[in-house]
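Listing of protein_29.txt; format and content: compact mmCIF, C-alpha atoms.
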# COMPACT_ATOMS: atom_id res chain seq x y z
CA MET L 1 289.85 111.84 50.86
CA ARG L 2 293.16 110.16 49.92
CA MET L 3 293.12 106.40 50.45
CA LEU L 4 296.05 104.66 52.12
CA PRO L 5 297.73 101.72 50.38
CA PRO L 6 296.25 98.40 51.62
CA LEU L 7 299.41 97.23 53.43
CA ILE L 8 299.80 100.51 55.30
CA ALA L 9 296.12 100.68 56.11
CA ALA L 10 296.18 97.17 57.54
CA THR L 11 299.13 98.04 59.73
CA LEU L 12 297.45 101.18 60.99
CA LEU L 13 294.20 99.43 61.80
CA VAL L 14 295.92 96.86 63.97
CA SER L 15 298.07 99.50 65.65
CA LEU L 16 295.09 101.74 66.39
CA ALA L 17 293.09 98.88 67.82
CA ALA L 18 295.83 98.00 70.29
CA CYS L 19 296.77 101.57 71.18
CA GLY L 20 293.23 102.26 72.34
CA ASP L 21 293.99 100.79 75.78
CA THR L 22 294.07 103.34 78.58
CA ALA L 23 295.96 103.66 81.81
CA ASP L 24 292.84 102.43 83.59
CA SER L 25 293.05 99.02 81.92
CA LYS L 26 293.49 96.19 84.38
CA THR L 27 295.68 93.17 83.92
CA ASP L 28 293.68 90.12 82.93
CA THR L 29 295.35 87.29 84.82
CA ALA L 30 293.27 84.85 82.78
CA SER L 31 294.91 86.07 79.56
CA PRO L 32 297.92 84.21 78.14
CA PRO L 33 301.08 84.98 80.13
CA ILE L 34 303.74 87.08 78.40
CA ALA L 35 307.37 86.96 79.47
CA VAL L 36 310.12 89.59 79.33
CA ASP L 37 313.84 88.95 79.69
CA LEU L 38 315.81 92.08 80.55
CA PRO L 39 319.27 92.10 78.94
CA ARG L 40 321.35 93.62 81.75
CA ALA L 41 321.26 95.64 84.97
CA ASP L 42 324.55 97.54 84.62
CA SER L 43 323.23 100.12 82.16
CA ASP L 44 321.18 103.20 83.04
CA PHE L 45 319.43 102.89 79.70
CA TRP L 46 318.29 99.31 80.28
CA ASN L 47 317.34 100.05 83.88
CA SER L 48 315.08 102.80 82.53
CA TYR L 49 313.57 100.37 80.03
CA ALA L 50 312.94 97.92 82.89
CA LYS L 51 310.95 100.56 84.78
CA TYR L 52 308.63 101.06 81.80
CA ILE L 53 307.81 97.35 81.36
CA PRO L 54 305.33 96.94 84.28
CA GLN L 55 303.80 100.34 83.54
CA PHE L 56 302.91 99.51 79.95
CA ALA L 57 301.96 95.94 80.80
CA LYS L 58 299.36 97.29 83.23
CA GLU L 59 298.09 99.86 80.74
CA SER L 60 297.69 97.17 78.08
CA GLY L 61 296.02 94.63 80.37
CA ILE L 62 298.85 92.15 79.83
CA ASN L 63 299.34 89.15 82.09
CA LEU L 64 303.04 89.84 82.68
CA MET L 65 305.22 87.12 84.15
CA ALA L 66 307.98 88.13 86.56
CA PRO L 67 310.77 89.48 84.32
CA THR L 68 314.09 87.68 84.22
CA ASN L 69 317.50 89.27 83.61
CA SER L 70 320.18 87.58 81.51
CA GLN L 71 322.96 89.96 82.63
CA ASN L 72 324.58 90.27 79.20
CA ASP L 73 325.19 86.50 79.18
CA ILE L 74 323.83 84.46 76.28
CA ALA L 75 323.92 81.25 78.36
CA LYS L 76 321.70 82.92 80.98
CA LEU L 77 319.35 84.14 78.27
CA VAL L 78 318.99 80.61 76.90
CA ALA L 79 318.39 79.23 80.42
CA ASN L 80 315.89 81.99 81.24
CA THR L 81 314.04 81.32 78.00
CA GLN L 82 313.78 77.61 78.78
CA ALA L 83 312.48 78.38 82.28
CA LEU L 84 309.91 80.89 81.02
CA THR L 85 308.73 78.40 78.41
CA SER L 86 308.30 75.67 81.01
CA GLN L 87 306.33 78.11 83.18
CA GLY L 88 303.81 78.64 80.38
CA ALA L 89 304.93 81.78 78.53
CA LYS L 90 302.90 82.24 75.34
CA ALA L 91 305.17 84.99 73.97
CA ILE L 92 308.63 86.19 74.96
CA VAL L 93 310.19 89.64 74.71
CA MET L 94 313.99 89.63 74.75
CA ALA L 95 316.96 91.80 73.83
CA PRO L 96 319.80 89.40 72.95
CA GLN L 97 323.15 91.18 73.21
CA ASP L 98 324.87 88.46 71.17
CA THR L 99 322.70 88.49 68.07
CA GLY L 100 324.42 85.50 66.47
CA ALA L 101 324.29 83.00 69.33
CA ILE L 102 320.54 83.24 69.89
CA ALA L 103 319.60 81.51 66.61
CA THR L 104 319.20 77.98 68.03
CA THR L 105 316.93 79.22 70.81
CA LEU L 106 314.77 81.09 68.29
CA THR L 107 314.42 77.92 66.22
CA THR L 108 313.31 75.99 69.31
CA LEU L 109 310.73 78.63 70.21
CA GLU L 110 309.43 78.70 66.63
CA GLN L 111 308.93 74.92 66.75
CA LYS L 112 306.98 75.34 69.99
CA LYS L 113 304.90 78.12 68.37
CA ILE L 114 305.99 80.67 70.96
CA PRO L 115 306.37 84.05 69.22
CA VAL L 116 309.36 86.23 70.05
CA VAL L 117 309.70 90.01 69.97
CA THR L 118 313.25 91.32 70.15
CA VAL L 119 313.99 94.80 71.44
CA ASP L 120 316.83 97.06 70.29
CA THR L 121 318.68 94.16 68.66
CA ARG L 122 317.87 92.05 65.61
CA PRO L 123 319.01 88.41 65.53
CA ASP L 124 321.43 87.53 62.75
CA LYS L 125 319.49 84.35 62.00
CA GLY L 126 316.13 82.87 62.95
CA LYS L 127 312.58 84.14 62.78
CA VAL L 128 310.93 86.52 65.21
CA TYR L 129 307.44 87.98 65.22
CA MET L 130 308.71 91.57 65.30
CA VAL L 131 311.90 93.52 65.98
CA VAL L 132 311.32 96.75 67.91
CA ARG L 133 314.31 98.91 67.16
CA ALA L 134 315.57 102.21 65.83
CA ASP L 135 317.74 102.69 62.76
CA ASN L 136 321.17 102.07 64.32
CA LYS L 137 323.08 103.01 61.17
CA ALA L 138 321.52 106.46 61.57
CA TYR L 139 323.04 106.60 65.07
CA GLY L 140 326.54 106.28 63.64
CA GLU L 141 325.82 108.73 60.84
CA LYS L 142 324.38 111.36 63.19
CA ALA L 143 327.38 111.03 65.50
CA CYS L 144 329.77 111.37 62.56
CA GLU L 145 328.02 114.45 61.18
CA PHE L 146 327.91 116.12 64.58
CA LEU L 147 331.58 115.56 65.38
CA GLY L 148 332.67 116.32 61.83
CA GLN L 149 331.01 119.72 61.95
CA LYS L 150 332.14 120.57 65.48
CA LEU L 151 335.76 119.70 64.67
CA GLY L 152 335.71 121.45 61.32
CA GLY L 153 336.72 118.25 59.57
CA LYS L 154 340.07 117.96 61.38
CA GLY L 155 341.23 116.28 64.56
CA LYS L 156 341.36 112.98 66.42
CA VAL L 157 338.35 111.04 67.67
CA VAL L 158 338.09 108.03 69.97
CA GLU L 159 335.15 105.76 69.20
CA PHE L 160 333.87 103.38 71.88
CA GLN L 161 332.51 100.57 69.73
CA GLY L 162 329.75 98.40 71.08
CA ALA L 163 330.22 94.64 70.92
CA LEU L 164 330.67 93.62 67.30
CA SER L 165 328.86 90.36 68.10
CA SER L 166 325.78 92.60 68.26
CA VAL L 167 324.04 93.98 65.18
CA ASN L 168 323.84 97.33 66.97
CA GLY L 169 327.57 97.50 67.52
CA ARG L 170 328.18 96.58 63.89
CA ASP L 171 325.61 98.99 62.48
CA ARG L 172 326.82 101.97 64.50
CA SER L 173 330.50 101.21 63.89
CA GLU L 174 330.18 100.59 60.16
CA ALA L 175 328.03 103.67 59.58
CA PHE L 176 330.33 105.91 61.64
CA ALA L 177 333.43 104.65 59.80
CA ALA L 178 331.87 104.99 56.35
CA CYS L 179 330.69 108.53 57.06
CA MET L 180 334.04 109.62 58.47
CA GLN L 181 335.97 108.16 55.55
CA SER L 182 333.75 109.75 52.91
CA LYS L 183 332.96 113.13 54.49
CA TYR L 184 335.71 113.88 56.98
CA PRO L 185 338.95 112.23 55.85
CA GLY L 186 340.92 114.80 57.85
CA ILE L 187 339.71 113.26 61.11
CA THR L 188 341.65 110.32 62.54
CA VAL L 189 339.38 107.77 64.25
CA PHE L 190 340.65 105.41 66.94
CA ALA L 191 338.03 102.64 67.03
CA GLU L 192 338.14 100.89 70.40
CA PRO L 193 336.25 97.61 70.94
CA THR L 194 334.57 97.58 74.37
CA ASP L 195 331.98 94.76 74.44
CA TRP L 196 329.66 97.42 75.93
CA GLU L 197 331.82 97.55 79.09
CA GLY L 198 332.61 100.90 80.67
CA ALA L 199 335.88 99.73 82.22
CA LYS L 200 337.25 98.69 78.82
CA ALA L 201 336.25 102.04 77.31
CA SER L 202 337.92 103.98 80.10
CA ALA L 203 341.13 101.96 79.82
CA ALA L 204 341.23 102.49 76.05
CA LEU L 205 340.68 106.24 76.44
CA GLN L 206 343.43 106.42 79.07
CA THR L 207 345.87 104.79 76.66
CA ARG L 208 344.89 106.94 73.70
CA LEU L 209 345.13 110.19 75.66
CA ALA L 210 348.64 109.23 76.77
CA GLN L 211 349.60 108.63 73.14
CA HIS L 212 347.59 111.51 71.66
CA PRO L 213 346.93 114.30 74.18
CA ASP L 214 345.39 116.35 71.36
CA ILE L 215 342.32 114.08 71.03
CA ASN L 216 339.35 116.42 70.64
CA GLY L 217 336.37 114.15 70.04
CA ILE L 218 334.71 111.03 71.48
CA TYR L 219 331.85 108.93 70.15
CA MET L 220 330.24 106.77 72.86
CA GLN L 221 327.96 104.14 71.36
CA ALA L 222 326.17 103.65 74.70
CA GLY L 223 325.99 106.42 77.26
CA GLY L 224 324.35 104.10 79.74
CA VAL L 225 327.63 102.26 80.33
CA PHE L 226 330.25 104.72 79.04
CA LEU L 227 329.17 108.12 80.38
CA ALA L 228 330.24 107.92 84.03
CA PRO L 229 333.72 106.40 83.53
CA THR L 230 334.44 108.74 80.62
CA LEU L 231 333.54 111.88 82.56
CA GLN L 232 335.50 110.64 85.56
CA LEU L 233 338.63 110.13 83.47
CA LEU L 234 338.36 113.48 81.68
CA ARG L 235 337.82 115.24 85.00
CA SER L 236 340.95 113.64 86.44
CA LYS L 237 342.94 115.00 83.49
CA ASN L 238 341.40 118.49 83.70
CA LEU L 239 339.79 118.00 80.30
CA LEU L 240 336.20 118.32 81.46
CA VAL L 241 335.90 121.94 80.44
CA PRO L 242 333.15 124.00 78.72
CA PRO L 243 332.77 124.00 74.91
CA SER L 244 334.21 127.53 74.83
CA ASP L 245 337.53 126.25 76.20
CA PRO L 246 340.08 125.19 73.53
CA LYS L 247 340.77 122.01 75.55
CA HIS L 248 337.12 120.90 75.35
CA VAL L 249 336.67 117.36 74.04
CA PHE L 250 333.49 117.20 71.95
CA ILE L 251 331.43 114.16 72.91
CA VAL L 252 328.41 112.62 71.22
CA SER L 253 326.68 109.64 72.76
CA ASN L 254 323.83 107.20 72.19
CA ASP L 255 320.98 106.44 74.63
CA GLY L 256 319.14 109.56 75.81
CA ILE L 257 319.24 108.82 79.53
CA PRO L 258 318.64 111.63 82.07
CA GLN L 259 322.31 111.55 83.08
CA GLU L 260 323.33 112.42 79.51
CA PHE L 261 320.84 115.28 79.43
CA ASP L 262 322.31 116.66 82.67
CA ALA L 263 325.81 116.38 81.17
CA ILE L 264 324.66 118.27 78.07
CA ARG L 265 323.19 121.03 80.26
CA LYS L 266 326.50 121.30 82.13
CA GLY L 267 328.50 121.40 78.91
CA GLU L 268 330.31 118.16 79.79
CA ILE L 269 329.08 116.36 76.66
CA ASP L 270 327.58 117.91 73.57
CA ALA L 271 324.96 115.57 72.13
CA THR L 272 323.29 112.20 72.32
CA VAL L 273 320.94 110.19 70.12
CA SER L 274 317.84 109.46 72.21
CA GLN L 275 317.02 105.76 72.02
CA PRO L 276 313.34 105.47 72.91
CA ALA L 277 313.43 103.34 76.08
CA ASP L 278 309.77 104.12 76.71
CA LEU L 279 308.64 103.19 73.20
CA TYR L 280 310.82 100.08 73.22
CA ALA L 281 308.89 98.83 76.24
CA LYS L 282 305.49 99.99 74.99
CA TYR L 283 305.68 98.49 71.52
CA ALA L 284 307.55 95.34 72.51
CA LEU L 285 304.61 94.48 74.75
CA PHE L 286 302.13 95.68 72.13
CA TYR L 287 303.55 93.29 69.53
CA ALA L 288 303.86 90.42 72.03
CA LYS L 289 300.17 90.79 72.84
CA ALA L 290 299.31 91.06 69.15
CA ALA L 291 301.26 87.87 68.45
CA VAL L 292 299.32 85.93 71.07
CA GLU L 293 296.08 87.28 69.59
CA GLY L 294 297.09 86.07 66.11
CA LYS L 295 297.37 89.50 64.51
CA THR L 296 299.67 90.15 61.57
CA PHE L 297 301.53 93.17 60.23
CA ALA L 298 302.94 94.33 56.93
CA PRO L 299 305.61 96.84 55.89
CA GLY L 300 304.55 100.47 55.91
CA LYS L 301 304.03 103.56 58.02
CA THR L 302 302.49 103.16 61.48
CA ASP L 303 300.36 105.47 63.61
CA HIS L 304 303.25 106.07 66.04
CA ASP L 305 305.70 107.93 63.78
CA SER L 306 307.66 104.86 62.72
CA THR L 307 308.03 102.56 59.74
CA ILE L 308 307.79 98.79 59.62
CA VAL L 309 310.34 97.35 57.21
CA GLN L 310 311.02 93.79 56.12
CA VAL L 311 314.69 93.18 56.87
CA ARG L 312 314.69 89.61 55.54
CA ASP L 313 312.26 86.79 54.88
CA GLY L 314 310.12 86.25 57.95
CA VAL L 315 311.47 89.22 59.92
CA LEU L 316 309.75 92.60 60.24
CA GLU L 317 311.29 95.54 62.09
CA ASP L 318 309.41 98.51 63.52
CA GLN L 319 311.96 101.32 63.28
CA LEU L 320 311.08 103.86 65.95
CA PRO L 321 312.27 107.49 65.86
CA ALA L 322 315.51 108.40 67.69
CA PRO L 323 316.24 112.17 67.63
CA LEU L 324 319.59 113.87 68.15
CA VAL L 325 319.59 115.85 71.42
CA THR L 326 321.84 118.88 71.90
CA LYS L 327 321.77 121.96 74.14
CA ASP L 328 319.21 123.40 71.72
CA ASN L 329 316.50 120.80 72.45
CA VAL L 330 317.60 119.11 75.69
CA GLU L 331 314.68 120.66 77.59
CA ASP L 332 312.08 119.15 75.25
CA LYS L 333 309.49 117.62 77.57
CA ALA L 334 308.54 115.05 74.92
CA LEU L 335 311.89 113.28 75.34
CA TRP L 336 311.56 110.23 77.57
CA GLY L 337 314.76 111.21 79.40
CA ASN L 338 312.91 114.28 80.69
CA GLN L 339 309.85 112.28 81.74
CA ILE L 340 311.05 109.20 83.59
CA GLY L 341 310.77 109.37 87.36
CA LYS L 342 308.46 112.37 87.29

Would you write the structure of this file as structure tokens?
Amino acid sequence: MRMLPPLIAATLLVSLAACGDTADSKTDTASPPIAVDLPRADSDFWNSYAKYIPQFAKESGINLMAPTNSQNDIAKLVANTQALTSQGAKAIVMAPQDTGAIATTLTTLEQKKIPVVTVDTRPDKGKVYMVVRADNKAYGEKACEFLGQKLGGKGKVVEFQGALSSVNGRDRSEAFAACMQSKYPGITVFAEPTDWEGAKASAALQTRLAQHPDINGIYMQAGGVFLAPTLQLLRSKNLLVPPSDPKHVFIVSNDGIPQEFDAIRKGEIDATVSQPADLYAKYALFYAKAAVEGKTFAPGKTDHDSTIVQVRDGVLEDQLPAPLVTKDNVEDKALWGNQIGK
């Protein structure tokens, strides 16, 4: 029997021990309280994530405090964190949208020995117990490859960039740009900053279509906020047509929400990268509980089809899988977007 390397084996042992909880587990209200701050309520993706939090907390027997919501406002996140700390939180799960401005708060929590797990985003500075995230550079690369192939290496693409104050916005934007420049130089990319706001994306698209009516591709870095306004605008301009129509605008998105899957089925968009909202919730709580219990992890493969990497001194990141979804696999029942609410 082949032996696993010590670091990987240690990681697997801890993961297996925690994943043994069943849906029949009951919350132990005597256990240390764990807090969750939700990043926003105006995104279908994050609203889906929010629905998974109490489910997995119950399954894991976690004493979950009432979640707060920072509404995409770093000042609210700081205030919520202070309130949760004063109420006795022994670990905090958060998803800071401004990954630079959270550093001071992380330092304060470290001094108070309150471990932090960040979800989807990785702070630019400061230590956290674990980052639960997917490889966001791969998001940009997958989007580039998909559009590049669909457009045959020629055309004009509008890119709705996420906030560049966020590591996710930077990773997706930089990877998309690098891939386009190196592999598809015949495609013109109009990179539009949006701060993750659907209204800004729609306004930018309106302007670009007026200037360039031959735009034939769109990359949405967050379907949860960009999908509805984008489809509404394209419909108003009679551009929401099937892929077989020469006027079809090829669209690739990021998130994997049910609404994107429905749009793929209808031929309104063509692909999305499925961010694992379910696994974000599950493993954020798993690591928060492990932190309170004093467990440690090391880089290596896990038992849940991911890899823990050390991104810098004192910061580990569990990079969860995020598959590309097209019409060919949109009915896959294993995708969380086909499971939620059923």

Between L:Val158, L:Ala291, L:His248, L:Gly153, which is the closest to L:Gln211 once you count all atoms listed in the file?
->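 Nearest candidate to L:Gln211 out of L:Val158, L:Ala291, L:His248, L:Gly153: L:Val158.
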
Which polymer residues have any atom within 9 Å of an atom of stretch 232-241 of chain L, counting all atoms listed in the file, with same-chain residues fewer than 2 positions away left out, as a list in words?
-> Ser202, Leu205, Gln206, Leu227, Ala228, Pro229, Thr230, Pro243, Ser244, Asp245, Pro246, Lys247, His248, Val249, Gly267, Glu268 and Ile269 of chain L

Tell me, counting all atoms listed in the file, for each residue of stretch 263-284 of chain L within 12 Å of stretch 85-94 of chain L, which pair of atoms is nearest and how far apart they are in Å to one decimal, in rows ordered by chain and increasing number, as a tab-separated table.
residue	atom	partner	partner_atom	distance
L:Tyr280	CA	L:Val93	CA	10.6
L:Ala281	CA	L:Val93	CA	9.4
L:Lys282	CA	L:Val93	CA	11.4
L:Tyr283	CA	L:Val93	CA	10.4
L:Ala284	CA	L:Val93	CA	6.7

Please identify all polymer residues within 12 Å of L:Glu145, counting only C-alpha atoms, omitting same-chain residues fewer than 3 positions from it, and present them as a VMD selection string.
-> chain L and resid 138 to 142 148 to 153 175 to 184 187 219 252 271 324

Out of L:Ser306, L:Thr108, L:Val273, L:Val157, which residue has the shortest atom-to-atom distance to L:Arg172 when counting all atoms listed in the file?
-> L:Val273

Residues of stretch 72-141 of chain L that approach stretch 33-47 of chain L to 12 Å or less, counting all atoms listed in the file: could you list each one with the shortest pair of atoms and its distance in Å to one decimal, rows by chain and increasing residue number, as a Markdown table?
| residue | atom | partner | partner_atom | distance |
| --- | --- | --- | --- | --- |
| L:Asn72 | CA | L:Arg40 | CA | 5.3 |
| L:Asp73 | CA | L:Pro39 | CA | 8.2 |
| L:Ile74 | CA | L:Pro39 | CA | 9.3 |
| L:Ala75 | CA | L:Pro39 | CA | 11.8 |
| L:Lys76 | CA | L:Pro39 | CA | 9.7 |
| L:Leu77 | CA | L:Asp37 | CA | 7.5 |
| L:Val78 | CA | L:Asp37 | CA | 10.2 |
| L:Ala79 | CA | L:Asp37 | CA | 10.8 |
| L:Asn80 | CA | L:Asp37 | CA | 7.4 |
| L:Thr81 | CA | L:Asp37 | CA | 7.8 |
| L:Gln82 | CA | L:Ala35 | CA | 11.4 |
| L:Ala83 | CA | L:Ala35 | CA | 10.4 |
| L:Leu84 | CA | L:Ala35 | CA | 6.8 |
| L:Thr85 | CA | L:Ala35 | CA | 8.7 |
| L:Ser86 | CA | L:Ala35 | CA | 11.4 |
| L:Gln87 | CA | L:Pro33 | CA | 9.2 |
| L:Gly88 | CA | L:Pro33 | CA | 6.9 |
| L:Ala89 | CA | L:Pro33 | CA | 5.3 |
| L:Lys90 | CA | L:Ile34 | CA | 5.8 |
| L:Ala91 | CA | L:Ile34 | CA | 5.1 |
| L:Ile92 | CA | L:Ala35 | CA | 4.7 |
| L:Val93 | CA | L:Val36 | CA | 4.6 |
| L:Met94 | CA | L:Asp37 | CA | 5.0 |
| L:Ala95 | CA | L:Pro39 | CA | 5.6 |
| L:Pro96 | CA | L:Pro39 | CA | 6.6 |
| L:Gln97 | CA | L:Pro39 | CA | 7.0 |
| L:Asp98 | CA | L:Pro39 | CA | 10.2 |
| L:Thr99 | CA | L:Pro39 | CA | 12.0 |
| L:Ile114 | CA | L:Ile34 | CA | 10.1 |
| L:Pro115 | CA | L:Ile34 | CA | 10.0 |
| L:Val116 | CA | L:Ala35 | CA | 9.7 |
| L:Val117 | CA | L:Val36 | CA | 9.4 |
| L:Thr118 | CA | L:Asp37 | CA | 9.8 |
| L:Val119 | CA | L:Pro39 | CA | 9.6 |
| L:Asp120 | CA | L:Pro39 | CA | 10.3 |
| L:Thr121 | CA | L:Pro39 | CA | 10.5 |

Using only C-alpha atoms, which residue out of L:Ala322, L:Val315, L:Leu164, L:Ala101 lies closest to L:Lys127?
-> L:Val315

Check the smallest atom-to-atom distance from each of L:Pro242, L:Gly162, L:Asn69, L:Gly155 to L:Asn136 using all atoms listed in the file, then report the winner.
->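 The answer is L:Gly162, which sits nearest to L:Asn136.
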
Between atom CA of L:Ile62 and atom CA of L:Ala134 - distance in Å to one decimal |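 According to the coordinates, atom CA of L:Ala134 and atom CA of L:Ile62 are separated by 24.0 Å.
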
Compare L:Thr296, L:Pro213, L:Leu285, L:Arg208 by their minimum atom-to-atom distance to L:Pro54, counting all atoms listed in the file, and give me the closest one.
->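 With all atoms listed in the file as the atom set, the closest residue is L:Leu285.
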
Residues near L:Pro276, cut-off 8 Å, only C-alpha atoms, skip fewer than 6 positions along chain, as number ranges by chain = L: 255-256, 320-322, 336

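Between atom CA of L:Ser60 and atom CA of L:Phe286 there is a distance of 7.6 Å.
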
Of the listed residues L:Phe250, L:Phe146, L:Tyr49, L:Phe160, that which approaches L:Gly337 most closely, counting all atoms listed in the file = L:Tyr49

Padding 4 Å on each side, edges along x, y and z: where is the centre of the box around the listed atoms of stretch 89-103 of chain L, and how long are its edges in Å to one decimal? Output it as JSON.
{"center_x": 313.9, "center_y": 86.7, "center_z": 72.5, "size_x": 30.0, "size_y": 18.3, "size_z": 20.1}

Write a file for stretch 168-179 of chain L, containing N, CA, C and O atoms (output as an mmCIF file, in the first residue's frame).
data_model
loop_
_atom_site.group_PDB
_atom_site.id
_atom_site.type_symbol
_atom_site.label_atom_id
_atom_site.label_comp_id
_atom_site.auth_asym_id
_atom_site.auth_seq_id
_atom_site.Cartn_x
_atom_site.Cartn_y
_atom_site.Cartn_z
ATOM 1 N N ASN L 168 -10.242 38.975 -5.590
ATOM 2 C CA ASN L 168 -10.964 38.229 -6.624
ATOM 3 C C ASN L 168 -11.079 39.027 -7.911
ATOM 4 O O ASN L 168 -10.871 38.510 -9.007
ATOM 5 N N GLY L 169 -11.438 40.297 -7.778
ATOM 6 C CA GLY L 169 -11.531 41.144 -8.951
ATOM 7 C C GLY L 169 -10.188 41.256 -9.661
ATOM 8 O O GLY L 169 -10.112 41.200 -10.893
ATOM 9 N N ARG L 170 -9.130 41.386 -8.886
ATOM 10 C CA ARG L 170 -7.792 41.489 -9.482
ATOM 11 C C ARG L 170 -7.389 40.181 -10.142
ATOM 12 O O ARG L 170 -6.887 40.174 -11.276
ATOM 13 N N ASP L 171 -7.571 39.069 -9.449
ATOM 14 C CA ASP L 171 -7.166 37.774 -10.006
ATOM 15 C C ASP L 171 -7.892 37.468 -11.314
ATOM 16 O O ASP L 171 -7.277 37.051 -12.306
ATOM 17 N N ARG L 172 -9.196 37.654 -11.329
ATOM 18 C CA ARG L 172 -9.979 37.334 -12.524
ATOM 19 C C ARG L 172 -9.610 38.273 -13.673
ATOM 20 O O ARG L 172 -9.466 37.832 -14.815
ATOM 21 N N SER L 173 -9.466 39.562 -13.352
ATOM 22 C CA SER L 173 -9.162 40.549 -14.390
ATOM 23 C C SER L 173 -7.771 40.342 -14.977
ATOM 24 O O SER L 173 -7.583 40.368 -16.201
ATOM 25 N N GLU L 174 -6.788 40.141 -14.109
ATOM 26 C CA GLU L 174 -5.413 39.969 -14.581
ATOM 27 C C GLU L 174 -5.265 38.699 -15.405
ATOM 28 O O GLU L 174 -4.604 38.686 -16.448
ATOM 29 N N ALA L 175 -5.895 37.614 -14.958
ATOM 30 C CA ALA L 175 -5.787 36.347 -15.684
ATOM 31 C C ALA L 175 -6.496 36.421 -17.029
ATOM 32 O O ALA L 175 -5.994 35.918 -18.043
ATOM 33 N N PHE L 176 -7.659 37.057 -17.059
ATOM 34 C CA PHE L 176 -8.411 37.199 -18.313
ATOM 35 C C PHE L 176 -7.611 38.028 -19.317
ATOM 36 O O PHE L 176 -7.480 37.658 -20.483
ATOM 37 N N ALA L 177 -7.042 39.143 -18.841
ATOM 38 C CA ALA L 177 -6.272 40.024 -19.728
ATOM 39 C C ALA L 177 -5.030 39.328 -20.264
ATOM 40 O O ALA L 177 -4.729 39.402 -21.456
ATOM 41 N N ALA L 178 -4.313 38.639 -19.383
ATOM 42 C CA ALA L 178 -3.079 37.962 -19.805
ATOM 43 C C ALA L 178 -3.373 36.890 -20.841
ATOM 44 O O ALA L 178 -2.654 36.740 -21.845
ATOM 45 N N CYS L 179 -4.440 36.123 -20.622
ATOM 46 C CA CYS L 179 -4.816 35.062 -21.553
ATOM 47 C C CYS L 179 -5.228 35.645 -22.899
ATOM 48 O O CYS L 179 -4.803 35.156 -23.956
#
